[in-house]
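File shown: coords03.cif (mmCIF, C-alpha atoms (C1' of nucleotides)).
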```cif
data_protein
loop_
_atom_site.label_atom_id
_atom_site.label_comp_id
_atom_site.auth_asym_id
_atom_site.auth_seq_id
_atom_site.Cartn_x
_atom_site.Cartn_y
_atom_site.Cartn_z
CA MET A 30 58.00 117.40 45.84
CA VAL A 31 60.83 119.73 46.65
CA ILE A 32 64.13 117.99 46.41
CA VAL A 33 66.67 119.17 48.90
CA ALA A 34 69.45 117.53 46.99
CA ASP A 35 68.72 119.96 44.17
CA SER A 36 69.06 123.03 46.31
CA TYR A 37 72.13 122.12 48.31
CA PRO A 38 75.32 120.59 47.00
CA LEU A 39 75.85 117.01 48.08
CA ASP A 40 79.61 116.97 47.74
CA THR A 41 80.55 119.58 50.32
CA PRO A 42 83.10 118.40 52.88
CA SER A 43 80.66 118.79 55.77
CA PRO A 44 77.05 117.79 56.37
CA TYR A 45 74.16 120.20 55.87
CA PRO A 46 73.86 123.01 58.35
CA ALA A 47 71.03 122.34 60.77
CA ALA A 48 68.96 125.21 59.36
CA GLU A 49 68.95 123.41 56.03
CA ILE A 50 67.71 120.21 57.66
CA ALA A 51 64.90 122.06 59.43
CA ARG A 52 63.96 123.69 56.15
CA ALA A 53 63.93 120.33 54.39
CA TRP A 54 61.53 118.86 56.97
CA ARG A 55 59.24 121.87 56.76
CA ARG A 56 59.06 121.33 53.05
CA GLU A 57 58.67 117.59 53.17
CA ARG A 58 56.28 117.53 56.09
CA PRO A 59 54.65 120.89 56.78
CA GLY A 60 53.23 120.95 60.27
CA THR A 61 55.99 118.93 61.87
CA PRO A 62 57.56 120.96 64.68
CA THR A 63 61.10 121.71 63.59
CA ASP A 64 62.13 124.15 66.25
CA SER A 65 64.33 121.68 68.11
CA ILE A 66 66.44 120.76 65.10
CA GLU A 67 68.67 123.81 65.07
CA ILE A 68 69.57 123.14 68.68
CA VAL A 69 69.80 119.36 68.80
CA THR A 70 71.63 118.75 65.54
CA PRO A 71 74.63 121.04 66.06
CA LEU A 72 74.75 119.88 69.66
CA TRP A 73 75.08 116.25 68.61
CA ARG A 74 77.59 117.02 65.94
CA LEU A 75 79.74 119.05 68.28
CA ALA A 76 79.60 116.33 70.89
CA LYS A 77 80.66 113.79 68.31
CA LEU A 78 83.53 115.93 67.04
CA PHE A 79 84.82 116.42 70.56
CA ALA A 80 84.37 112.75 71.42
CA ASP A 81 86.08 111.53 68.24
CA ASP A 82 88.95 113.95 68.69
CA ARG A 83 89.46 112.92 72.28
CA ARG A 84 89.28 109.23 71.45
CA ARG A 85 92.01 109.64 68.85
CA LEU A 86 94.26 111.59 71.15
CA LEU A 87 93.76 109.05 73.91
CA ALA A 88 94.40 106.16 71.56
CA ASP A 89 97.87 107.63 70.95
CA LEU A 90 98.38 107.78 74.68
CA GLY A 91 97.14 104.22 75.19
CA VAL A 92 94.11 105.15 77.27
CA ASP A 93 90.46 104.60 76.56
CA PRO A 94 87.88 107.36 77.06
CA ALA A 95 85.68 105.42 79.46
CA THR A 96 88.57 104.72 81.80
CA LEU A 97 89.75 108.32 81.63
CA ASP A 98 86.27 109.47 82.54
CA LEU A 99 86.24 107.17 85.55
CA LEU A 100 89.68 108.16 86.77
CA SER A 101 88.96 111.86 86.22
CA VAL A 102 85.94 111.82 88.44
CA LEU A 103 87.90 110.12 91.18
CA ARG A 104 90.84 112.47 90.76
CA ARG A 105 88.66 115.56 90.88
CA ALA A 106 87.05 114.35 94.08
CA GLY A 107 90.36 115.06 95.78
CA ALA A 108 92.11 112.92 98.40
CA PRO A 109 91.50 110.21 99.36
CA TYR A 110 90.16 109.78 95.80
CA GLU A 111 87.23 107.57 96.70
CA LEU A 112 83.63 107.37 95.52
CA THR A 113 80.94 104.71 95.62
CA THR A 114 79.80 103.11 92.39
CA ARG A 115 76.46 104.79 92.82
CA GLU A 116 78.05 108.21 92.94
CA LEU A 117 80.18 107.31 89.95
CA SER A 118 77.10 106.38 87.99
CA ARG A 119 75.40 109.66 88.75
CA LEU A 120 78.46 111.79 88.10
CA THR A 121 79.28 110.18 84.78
CA LEU A 122 75.71 109.75 83.52
CA VAL A 123 76.18 106.11 82.63
CA THR A 124 74.21 103.16 83.95
CA ALA A 125 75.19 101.18 87.00
CA GLY A 126 75.98 98.22 84.78
CA ALA A 127 78.42 100.22 82.73
CA ILE A 128 80.12 101.50 85.87
CA SER A 129 80.46 97.96 87.08
CA GLN A 130 82.22 97.03 83.85
CA ARG A 131 84.39 100.13 83.81
CA VAL A 132 85.52 99.55 87.36
CA ALA A 133 86.23 95.90 86.61
CA ARG A 134 88.43 96.86 83.67
CA ALA A 135 90.22 99.56 85.63
CA GLU A 136 90.71 97.19 88.52
CA ASP A 137 92.22 94.56 86.20
CA SER A 138 94.64 97.23 85.01
CA GLY A 139 95.54 98.13 88.58
CA LEU A 140 94.20 101.67 88.29
CA VAL A 141 91.61 101.42 91.06
CA THR A 142 90.69 99.15 93.94
CA ARG A 143 87.29 98.11 95.17
CA ARG A 144 86.08 97.42 98.69
CA ASN A 145 82.84 97.29 100.60
CA ALA A 146 81.80 100.39 102.47
CA ASP A 147 82.01 100.06 106.22
CA ASP A 148 79.05 102.32 106.92
CA GLY A 149 76.51 99.52 107.10
CA SER A 150 75.27 100.02 103.57
CA ARG A 151 75.91 97.66 100.72
CA ALA A 152 77.79 100.31 98.77
CA VAL A 153 81.09 99.54 97.04
CA VAL A 154 83.84 102.12 97.40
CA VAL A 155 86.22 102.61 94.48
CA THR A 156 89.64 104.10 95.23
CA LEU A 157 92.24 105.46 92.85
CA THR A 158 95.59 103.63 93.12
CA GLU A 159 98.92 105.34 92.71
CA THR A 160 99.17 103.85 89.23
CA GLY A 161 95.78 105.28 88.39
CA HIS A 162 96.75 108.62 89.83
CA ASP A 163 99.89 108.70 87.70
CA MET A 164 97.93 107.81 84.60
CA ILE A 165 95.50 110.65 85.14
CA GLU A 166 98.25 113.16 85.84
CA ARG A 167 100.04 112.15 82.65
CA THR A 168 96.93 112.47 80.54
CA VAL A 169 94.63 115.21 81.70
CA ASP A 170 96.81 118.17 80.75
CA GLN A 171 97.11 116.93 77.20
CA VAL A 172 93.40 116.36 76.87
CA LEU A 173 92.42 119.73 78.28
CA THR A 174 95.08 121.55 76.31
CA ARG A 175 93.86 119.93 73.13
CA GLU A 176 90.24 120.76 73.84
CA SER A 177 91.16 124.29 74.73
CA GLU A 178 92.60 124.61 71.22
CA LEU A 179 89.39 123.32 69.73
CA VAL A 180 87.32 126.09 71.33
CA ALA A 181 89.94 128.75 70.71
CA SER A 182 87.67 130.61 68.32
CA LEU A 183 85.51 131.75 71.22
CA SER A 184 86.34 135.00 72.94
CA PRO A 185 86.34 134.90 76.74
CA THR A 186 83.01 136.69 76.89
CA GLY A 187 81.54 134.64 74.08
CA ARG A 188 82.64 131.49 75.82
CA ALA A 189 81.20 132.54 79.15
CA GLU A 190 77.93 133.48 77.54
CA LEU A 191 77.62 130.22 75.63
CA ALA A 192 78.62 128.27 78.72
CA SER A 193 75.87 129.81 80.79
CA GLN A 194 73.26 129.27 78.10
CA LEU A 195 74.27 125.63 77.81
CA GLN A 196 74.25 125.08 81.54
CA GLU A 197 70.83 126.66 81.81
CA LEU A 198 69.45 124.50 79.02
CA LEU A 199 71.08 121.45 80.56
CA ASP A 200 69.43 122.07 83.90
CA ASP A 201 66.07 122.39 82.22
CA VAL A 202 66.39 119.42 79.87
CA GLY A 203 67.67 117.37 82.77
CA ARG A 204 64.37 117.97 84.52
CA ARG A 205 62.24 117.20 81.47
CA ALA A 206 64.14 114.25 80.02
CA ARG A 207 62.89 110.74 80.42
CA LYS A 208 64.88 108.78 82.95
CA PRO A 209 65.84 105.10 82.53
CA MET B 27 94.63 119.33 99.22
CA VAL B 28 91.25 120.86 98.61
CA ILE B 29 88.59 118.23 98.56
CA VAL B 30 85.77 118.94 96.17
CA ALA B 31 83.59 116.42 97.89
CA ASP B 32 83.69 118.64 100.94
CA SER B 33 82.51 121.73 99.15
CA TYR B 34 79.77 120.25 96.98
CA PRO B 35 77.15 117.74 98.04
CA LEU B 36 77.62 114.31 96.52
CA ASP B 37 74.04 113.21 96.79
CA THR B 38 72.37 115.74 94.52
CA PRO B 39 70.22 114.20 91.84
CA SER B 40 72.38 115.60 89.04
CA PRO B 41 76.12 115.70 88.36
CA TYR B 42 78.25 118.72 89.20
CA PRO B 43 77.74 121.79 87.10
CA ALA B 44 80.60 122.22 84.66
CA ALA B 45 81.80 125.33 86.44
CA GLU B 46 82.36 123.22 89.53
CA ILE B 47 84.41 120.71 87.55
CA ALA B 48 86.58 123.44 86.09
CA ARG B 49 87.10 124.88 89.55
CA ALA B 50 88.07 121.46 90.88
CA TRP B 51 90.74 121.03 88.21
CA ARG B 52 92.13 124.49 88.80
CA ARG B 53 92.50 123.59 92.45
CA GLU B 54 93.87 120.14 91.89
CA ARG B 55 96.17 121.08 89.03
CA PRO B 56 96.81 124.81 88.76
CA GLY B 57 98.13 125.66 85.34
CA THR B 58 95.99 123.18 83.44
CA PRO B 59 93.88 125.02 80.87
CA THR B 60 90.29 124.64 81.98
CA ASP B 61 88.59 127.02 79.59
CA SER B 62 87.12 124.28 77.43
CA ILE B 63 85.39 122.47 80.27
CA GLU B 64 82.41 124.77 80.63
CA ILE B 65 81.67 124.32 76.94
CA VAL B 66 82.47 120.66 76.35
CA THR B 67 80.94 119.20 79.50
CA PRO B 68 77.41 120.62 79.20
CA LEU B 69 77.55 119.92 75.48
CA TRP B 70 78.24 116.23 76.09
CA ARG B 71 75.65 115.96 78.79
CA LEU B 72 73.00 117.61 76.68
CA ALA B 73 73.84 115.37 73.75
CA LYS B 74 73.54 112.33 75.99
CA LEU B 75 70.23 113.45 77.47
CA PHE B 76 68.78 113.98 74.03
CA ALA B 77 70.20 110.71 72.74
CA ASP B 78 68.94 108.70 75.72
CA ASP B 79 65.52 110.28 75.53
CA ARG B 80 65.24 109.58 71.81
CA ARG B 81 66.44 106.02 72.21
CA ARG B 82 63.75 105.33 74.80
CA LEU B 83 61.02 106.86 72.73
CA LEU B 84 62.12 104.90 69.69
CA ALA B 85 62.33 101.68 71.67
CA ASP B 86 58.61 102.07 72.38
CA LEU B 87 58.03 102.51 68.67
CA GLY B 88 60.17 99.51 67.77
CA VAL B 89 62.81 101.48 65.88
CA ASP B 90 66.49 101.87 66.59
CA PRO B 91 68.19 105.26 66.46
CA ALA B 92 70.79 104.32 63.88
CA THR B 93 68.16 103.12 61.43
CA LEU B 94 66.04 106.21 62.02
CA ASP B 95 69.07 108.37 61.28
CA LEU B 96 69.64 106.53 58.03
CA LEU B 97 66.05 106.69 56.90
CA SER B 98 65.75 110.35 57.89
CA VAL B 99 68.62 111.41 55.71
CA LEU B 100 67.12 109.56 52.77
CA ARG B 101 63.68 110.97 53.45
CA ARG B 102 64.91 114.52 53.70
CA ALA B 103 66.72 114.17 50.42
CA GLY B 104 63.30 114.14 48.76
CA ALA B 105 62.15 111.95 45.88
CA PRO B 106 63.44 109.61 44.63
CA TYR B 107 64.92 109.17 48.12
CA GLU B 108 68.32 107.99 47.00
CA LEU B 109 71.87 108.63 48.18
CA THR B 110 75.18 106.83 47.79
CA THR B 111 76.78 105.24 50.80
CA ARG B 112 79.54 107.81 50.63
CA GLU B 113 77.07 110.63 50.89
CA LEU B 114 75.33 108.85 53.74
CA SER B 115 78.60 108.57 55.60
CA ARG B 116 79.31 112.26 55.27
CA LEU B 117 75.79 113.38 56.12
CA THR B 118 75.52 111.22 59.23
CA LEU B 119 79.12 111.65 60.46
CA VAL B 120 79.69 107.93 60.89
CA THR B 121 82.35 105.81 59.23
CA ALA B 122 81.86 103.99 55.96
CA GLY B 123 81.98 100.70 57.81
CA ALA B 124 79.14 101.73 60.07
CA ILE B 125 77.07 102.84 57.09
CA SER B 126 77.66 99.52 55.46
CA GLN B 127 76.30 97.79 58.55
CA ARG B 128 73.37 100.13 58.93
CA VAL B 129 72.37 99.69 55.32
CA ALA B 130 72.69 95.92 55.62
CA ARG B 131 70.38 95.89 58.63
CA ALA B 132 67.88 98.20 56.99
CA GLU B 133 67.99 96.14 53.82
CA ASP B 134 67.30 92.96 55.79
CA SER B 135 64.27 94.70 57.28
CA GLY B 136 63.08 95.73 53.83
CA LEU B 137 63.42 99.44 54.56
CA VAL B 138 65.91 100.24 51.81
CA THR B 139 67.35 98.67 48.68
CA ARG B 140 70.87 98.75 47.37
CA ARG B 141 72.14 98.86 43.81
CA ASN B 142 75.24 99.87 41.91
CA ALA B 143 75.33 103.34 40.45
CA ASP B 144 75.14 103.45 36.69
CA ASP B 145 77.33 106.51 36.33
CA GLY B 146 80.55 104.58 35.84
CA SER B 147 81.67 104.92 39.44
CA ARG B 148 81.79 102.14 41.97
CA ALA B 149 79.30 103.89 44.18
CA VAL B 150 76.39 102.03 45.74
CA VAL B 151 73.05 103.79 45.68
CA VAL B 152 70.69 103.26 48.61
CA THR B 153 66.99 103.83 48.02
CA LEU B 154 64.16 104.13 50.51
CA THR B 155 61.44 101.52 49.98
CA GLU B 156 57.78 102.18 50.55
CA THR B 157 58.02 100.30 53.83
CA GLY B 158 60.92 102.49 54.87
CA HIS B 159 59.04 105.58 53.82
CA ASP B 160 56.04 104.54 55.90
CA MET B 161 58.23 103.88 58.90
CA ILE B 162 59.79 107.31 58.74
CA GLU B 163 56.44 109.05 58.31
CA ARG B 164 55.06 107.23 61.32
CA THR B 165 58.02 108.12 63.49
CA VAL B 166 59.46 111.49 62.69
CA ASP B 167 56.59 113.62 63.96
CA GLN B 168 56.69 111.93 67.33
CA VAL B 169 60.44 112.35 67.63
CA LEU B 170 60.44 116.01 66.65
CA THR B 171 57.42 116.79 68.79
CA ARG B 172 59.11 115.19 71.76
CA GLU B 173 62.35 117.05 71.21
CA SER B 174 60.50 120.27 70.72
CA GLU B 175 59.08 119.79 74.22
CA LEU B 176 62.55 119.24 75.60
CA VAL B 177 63.76 122.63 74.38
CA ALA B 178 60.52 124.39 75.27
CA SER B 179 62.25 126.50 77.89
CA LEU B 180 63.98 128.51 75.18
CA SER B 181 62.25 131.59 73.85
CA PRO B 182 62.21 131.95 70.06
CA THR B 183 64.92 134.57 70.17
CA GLY B 184 66.95 132.69 72.74
CA ARG B 185 66.72 129.58 70.63
CA ALA B 186 67.75 131.37 67.46
CA GLU B 187 70.67 132.97 69.22
CA LEU B 188 71.88 129.71 70.74
CA ALA B 189 71.40 127.95 67.41
CA SER B 190 73.58 130.40 65.58
CA GLN B 191 76.30 130.29 68.24
CA LEU B 192 76.31 126.52 68.09
CA GLN B 193 76.42 126.44 64.32
CA GLU B 194 79.29 128.89 64.30
CA LEU B 195 81.24 126.88 66.84
CA LEU B 196 80.47 123.71 64.91
CA ASP B 197 81.86 125.15 61.71
CA ASP B 198 85.03 126.16 63.47
CA VAL B 199 85.55 122.97 65.45
CA GLY B 200 84.85 120.99 62.29
CA ARG B 201 87.83 122.68 60.69
CA ARG B 202 90.14 122.17 63.66
CA ALA B 203 89.15 118.67 64.71
CA ARG B 204 91.28 115.68 63.94
CA LYS B 205 89.87 113.58 61.14
CA PRO B 206 90.03 109.77 61.06
"C1'" DG C 26 97.80 96.88 26.71
"C1'" DT C 27 99.94 96.72 31.44
"C1'" DC C 28 100.82 98.32 35.77
"C1'" DT C 29 99.98 101.20 39.57
"C1'" DA C 30 97.51 104.43 42.37
"C1'" DA C 31 93.23 106.12 43.97
"C1'" DA C 32 88.55 105.47 45.23
"C1'" DT C 33 84.95 102.77 47.41
"C1'" DG C 34 82.31 99.45 49.75
"C1'" DT C 35 82.54 95.34 52.98
"C1'" DT C 36 84.14 92.44 56.63
"C1'" DT C 37 86.13 91.53 61.04
"C1'" DA C 38 88.07 92.15 65.74
"C1'" DG C 39 87.61 94.50 69.81
"C1'" DC C 40 85.16 97.77 72.80
"C1'" DT C 41 81.41 99.86 75.29
"C1'" DC C 42 76.91 100.73 76.31
"C1'" DT C 43 72.00 99.86 77.69
"C1'" DA C 44 68.32 97.17 79.48
"C1'" DA C 45 66.93 93.50 81.86
"C1'" DA C 46 67.57 89.58 84.63
"C1'" DC C 47 69.92 88.24 88.84
"C1'" DG C 48 71.62 87.72 93.40
"C1'" DT C 49 71.88 89.38 97.79
"C1'" DA C 50 72.15 92.36 101.82
"C1'" DG C 51 69.70 95.60 104.97
"C1'" DC C 52 65.37 96.73 107.08
"C1'" DA C 53 60.77 97.15 108.57
"C1'" DT C 54 56.48 94.77 110.08
"C1'" DG C 55 53.75 91.76 112.29
"C1'" DC D 14 62.21 85.62 114.13
"C1'" DA D 15 59.81 85.09 109.38
"C1'" DT D 16 58.49 87.62 105.38
"C1'" DG D 17 58.60 90.58 102.07
"C1'" DC D 18 60.25 95.09 100.32
"C1'" DT D 19 63.83 97.98 98.84
"C1'" DA D 20 68.40 99.25 97.59
"C1'" DC D 21 72.55 98.00 95.14
"C1'" DG D 22 76.00 95.88 92.50
"C1'" DT D 23 76.94 92.36 88.85
"C1'" DT D 24 76.16 89.57 84.86
"C1'" DT D 25 74.40 88.72 80.35
"C1'" DA D 26 72.34 89.38 75.74
"C1'" DG D 27 72.10 92.21 71.99
"C1'" DA D 28 73.32 96.44 69.46
"C1'" DG D 29 76.28 99.65 67.39
"C1'" DC D 30 80.60 101.87 66.48
"C1'" DT D 31 85.58 102.54 65.05
"C1'" DA D 32 89.75 101.19 63.00
"C1'" DA D 33 92.03 98.36 60.18
"C1'" DA D 34 92.39 94.81 56.93
"C1'" DC D 35 90.35 93.39 52.57
"C1'" DA D 36 88.54 93.21 47.97
"C1'" DT D 37 87.44 95.24 43.75
"C1'" DT D 38 86.90 98.67 40.33
"C1'" DT D 39 88.30 102.83 37.74
"C1'" DA D 40 91.52 105.89 35.86
"C1'" DG D 41 96.01 107.28 34.56
"C1'" DA D 42 100.84 106.92 33.07
"C1'" DC D 43 103.80 105.13 29.68
#
```
So that I can check it, write out the structure of this file as structure tokens.
Amino acid sequence: MVIVADSYPLDTPSPYPAAEIARAWRRERPGTPTDSIEIVTPLWRLAKLFADDRRRLLADLGVDPATLDLLSVLRRAGAPYELTTRELSRLTLVTAGAISQRVARAEDSGLVTRRNADDGSRAVVVTLTETGHDMIERTVDQVLTRESELVASLSPTGRAELASQLQELLDDVGRRARKP
Amino acid sequence: MVIVADSYPLDTPSPYPAAEIARAWRRERPGTPTDSIEIVTPLWRLAKLFADDRRRLLADLGVDPATLDLLSVLRRAGAPYELTTRELSRLTLVTAGAISQRVARAEDSGLVTRRNADDGSRAVVVTLTETGHDMIERTVDQVLTRESELVASLSPTGRAELASQLQELLDDVGRRARKP
DNA sequence: GTCTAAATGTTTAGCTCTAAACGTAGCATG
DNA sequence: CATGCTACGTTTAGAGCTAAACATTTAGAC
């Protein structure tokens, strides 16, 4: 049995590169399809690095990531900063239950208000309050500036190219992925 | 005020493309650096799609993702399938506390054992049991086969190219990102 | 030897999420 | 009108994670 631990140092500051993981599986279980590993693994790790970094920045600012996500979507929608919970769920990719909880928290903090839609449906409309608007304005520049620094190694063309590849893959995986 | 909701339909089955989000912020807050958005947003969404899809597959198989992650790292390490908790923490990118909980759960289920290292350090060595080994063997092919299907739209060269761009970005972001 | 600093693993408090169970409000059909 | 279907939002149970507080051991410094 080939021992990966023998061929790659275990005390490096970062985890194995994905190529090494794929190689390890091919050795340990020949025949297993490993072609997704070099895409999925770095993708997850990058997402986690960005998420952890953002969470720490936001913790300093006294905001939590879920609330920022909610307020951002409302803010981006433009005046009058309103969306239904259903739209919020779709735009943020979290379940309706989670939206319900997020909105409840934000409402308790006075960042949004909730009211029934008047269009005959049962929809609930969530509106950004002035407090919520202020919070977003205070925060978003810092978050985006920070994240801009994190991707600073990419050249404009390299960034555009990677962005389009990711968006293309996202569209495709979105069609194939199993829904709730 | 430009209203994004006016220029992009709200009832599409998927969320806005990242380019649309970046454009919305440039309109709503000119001057805010938006160059990270087209990288970070699709990255997060892809990571979530893959994570959700895997979680659902694993639920059918009666496994939870955190345990699979733990067992996978041990399995890939090759015989005798042992790593210290510190190494596990680094290889899986989760905190020491989370590893402690994961190992405790897996130990309760008889999937791993725990013992003190005999090399004079205080390290705890985690070892895969036969039950744990069986569980991983039963599961990993299905997971990797499924994920291989999800990235099937990529050509071999396209996949290799994307993989290397991601790995490069990961290495760089790993250096810049804020650590705990 | 004694004391202190560094290294490690564990426990706990607080959050957030998903899935599933609920509770209802529109709506169509007969 | 009843009846049942469908669409939606909310609540709840159970998991898992992070950060921080702990606890304990090892290794030096003197």
For this session: Spell out the residues picked by the PyMOL selection byres ((chain C) within 8 of (chain B)) here, as a ChimeraX atom specification.
Result: /C:33-35
Write the selection just made, keeping C-alpha atoms (C1' of nucleotides), as a compact mmCIF listing (two decimals), in the frame of the given file?
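Generated file (result.txt):
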```txt
# COMPACT_ATOMS: atom_id res chain seq x y z
C1' DT C 33 84.95 102.77 47.41
C1' DG C 34 82.31 99.45 49.75
C1' DT C 35 82.54 95.34 52.98
```
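Put simply, the PyMOL selection byres ((chain A) within 6 of (chain B)) in this file takes in Ile32, Val33, Ala34, Pro44, Ala53, Thr61, Pro62, Ser65, Glu67, Ile68, Pro71, Trp73, Leu75, Ala76, Asp82, Arg105, Ala106, Gly107, Leu120, Asp170, Thr174, Glu176, Ser177, Leu179, Ala192, Gln196, Leu199, Val202 and Arg207 of chain A.
For the set B:Val152, B:Ala132, B:Leu87, B:Ala92, the residue with the smallest atom-to-atom gap to chain D is B:Ala92, counting all atoms listed in the file.
Residue-level contacts from chain D to chain A at 10 Å, counting only C-alpha atoms (C1' of nucleotides), read DA20, DC21, DG22, DT23, DT24 and DT31 of chain D.
Using only C-alpha atoms, the nearest neighbour of Asn142 (chain B) within the list B:Pro91, B:Thr110, B:Asp86, B:Ser181 is B:Thr110.
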Exercise. So what does the PyMOL selection byres ((chain D and resi 18) around 9) actually pick up in this one, as a ChimeraX atom specification?
Worked result: /C:52-53 /D:17,19
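Within 7 Å of the file-frame point (88.2, 101.2, 40.3), and using all atoms listed in the file, the polymer residues found are Arg148 of chain B; DA32 of chain C; DT37, DT38 and DT39 of chain D.
Between CA of Thr165 (chain B) and CA of Leu84 (chain B) the interatomic distance comes to 8.1 Å.
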Exercise. Which residues come within 12 Å of DA42 (chain D), counting only C-alpha atoms (C1' of nucleotides), excluding same-chain residues fewer than 6 positions away, as a PyMOL selection string?
Worked result: chain C and resi 27-30
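Separating C1' of DT43 (chain C) from CA of Asp90 (chain B) is a distance of 12.6 Å.
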Exercise. Separation of CA of Gly158 (chain B) and CA of Gly146 (chain B), in Å?
Worked result: 27.4 Å
Seminar exercise, completed: From the list C:DC42, C:DA31, C:DT49, C:DG26, the nearest residue to DA40 (chain D) using only C-alpha atoms (C1' of nucleotides) is C:DA31
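For the set D:DA36, D:DC30, D:DG41, D:DT16, the residue with the smallest atom-to-atom gap to DC40 (chain C) is D:DC30, counting only C-alpha atoms (C1' of nucleotides).
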Exercise. Counting all atoms listed in the file, what is within 12 Å of Arg134 (chain A), bar same-chain residues fewer than 2 positions away, as a PyMOL selection string?
Worked result: (chain A and resi 92-93+95-97+99-100+127-132+136-143) or (chain C and resi 40-41)
Give the padded box for region 158-166 of chain A as AutoDock Vina command-line options: axis-aligned, covering all atoms listed in the file, 4 Å on each side, centre and edge lengths in Å to one decimal.
```
--center_x 97.7 --center_y 108.4 --center_z 88.9 --size_x 12.4 --size_y 17.5 --size_z 16.5
```
Would you kindly place N, CA, C and O atoms on region 97-109 of chain A and return the model as an mmCIF file, keeping the file's coordinate frame?
```
data_model
loop_
_atom_site.group_PDB
_atom_site.id
_atom_site.type_symbol
_atom_site.label_atom_id
_atom_site.label_comp_id
_atom_site.auth_asym_id
_atom_site.auth_seq_id
_atom_site.Cartn_x
_atom_site.Cartn_y
_atom_site.Cartn_z
ATOM 1 N N LEU A 97 89.345 106.961 81.272
ATOM 2 C CA LEU A 97 89.750 108.320 81.630
ATOM 3 C C LEU A 97 88.635 109.034 82.375
ATOM 4 O O LEU A 97 88.876 109.734 83.362
ATOM 5 N N ASP A 98 87.421 108.832 81.906
ATOM 6 C CA ASP A 98 86.270 109.470 82.540
ATOM 7 C C ASP A 98 86.165 109.016 83.997
ATOM 8 O O ASP A 98 86.002 109.828 84.905
ATOM 9 N N LEU A 99 86.301 107.720 84.195
ATOM 10 C CA LEU A 99 86.240 107.170 85.550
ATOM 11 C C LEU A 99 87.332 107.741 86.448
ATOM 12 O O LEU A 99 87.074 108.234 87.555
ATOM 13 N N LEU A 100 88.562 107.681 85.962
ATOM 14 C CA LEU A 100 89.680 108.160 86.770
ATOM 15 C C LEU A 100 89.574 109.665 87.035
ATOM 16 O O LEU A 100 89.913 110.135 88.125
ATOM 17 N N SER A 101 89.091 110.409 86.042
ATOM 18 C CA SER A 101 88.960 111.860 86.220
ATOM 19 C C SER A 101 88.028 112.208 87.357
ATOM 20 O O SER A 101 88.319 113.092 88.162
ATOM 21 N N VAL A 102 86.902 111.527 87.395
ATOM 22 C CA VAL A 102 85.940 111.820 88.440
ATOM 23 C C VAL A 102 86.542 111.546 89.809
ATOM 24 O O VAL A 102 86.395 112.334 90.743
ATOM 25 N N LEU A 103 87.246 110.445 89.907
ATOM 26 C CA LEU A 103 87.900 110.120 91.180
ATOM 27 C C LEU A 103 88.980 111.144 91.522
ATOM 28 O O LEU A 103 89.078 111.609 92.651
ATOM 29 N N ARG A 104 89.750 111.526 90.519
ATOM 30 C CA ARG A 104 90.840 112.470 90.760
ATOM 31 C C ARG A 104 90.301 113.828 91.206
ATOM 32 O O ARG A 104 90.825 114.452 92.120
ATOM 33 N N ARG A 105 89.237 114.267 90.545
ATOM 34 C CA ARG A 105 88.660 115.560 90.880
ATOM 35 C C ARG A 105 88.054 115.576 92.282
ATOM 36 O O ARG A 105 87.929 116.632 92.900
ATOM 37 N N ALA A 106 87.661 114.406 92.750
ATOM 38 C CA ALA A 106 87.050 114.350 94.080
ATOM 39 C C ALA A 106 88.058 114.709 95.163
ATOM 40 O O ALA A 106 87.685 114.996 96.292
ATOM 41 N N GLY A 107 89.329 114.714 94.813
ATOM 42 C CA GLY A 107 90.360 115.060 95.780
ATOM 43 C C GLY A 107 90.635 113.886 96.720
ATOM 44 O O GLY A 107 89.877 112.908 96.768
ATOM 45 N N ALA A 108 91.729 113.993 97.481
ATOM 46 C CA ALA A 108 92.110 112.920 98.400
ATOM 47 C C ALA A 108 90.942 112.632 99.344
ATOM 48 O O ALA A 108 90.234 113.560 99.732
ATOM 49 N N PRO A 109 90.690 111.382 99.719
ATOM 50 C CA PRO A 109 91.500 110.210 99.360
ATOM 51 C C PRO A 109 91.077 109.546 98.049
ATOM 52 O O PRO A 109 91.319 108.363 97.865
#
```
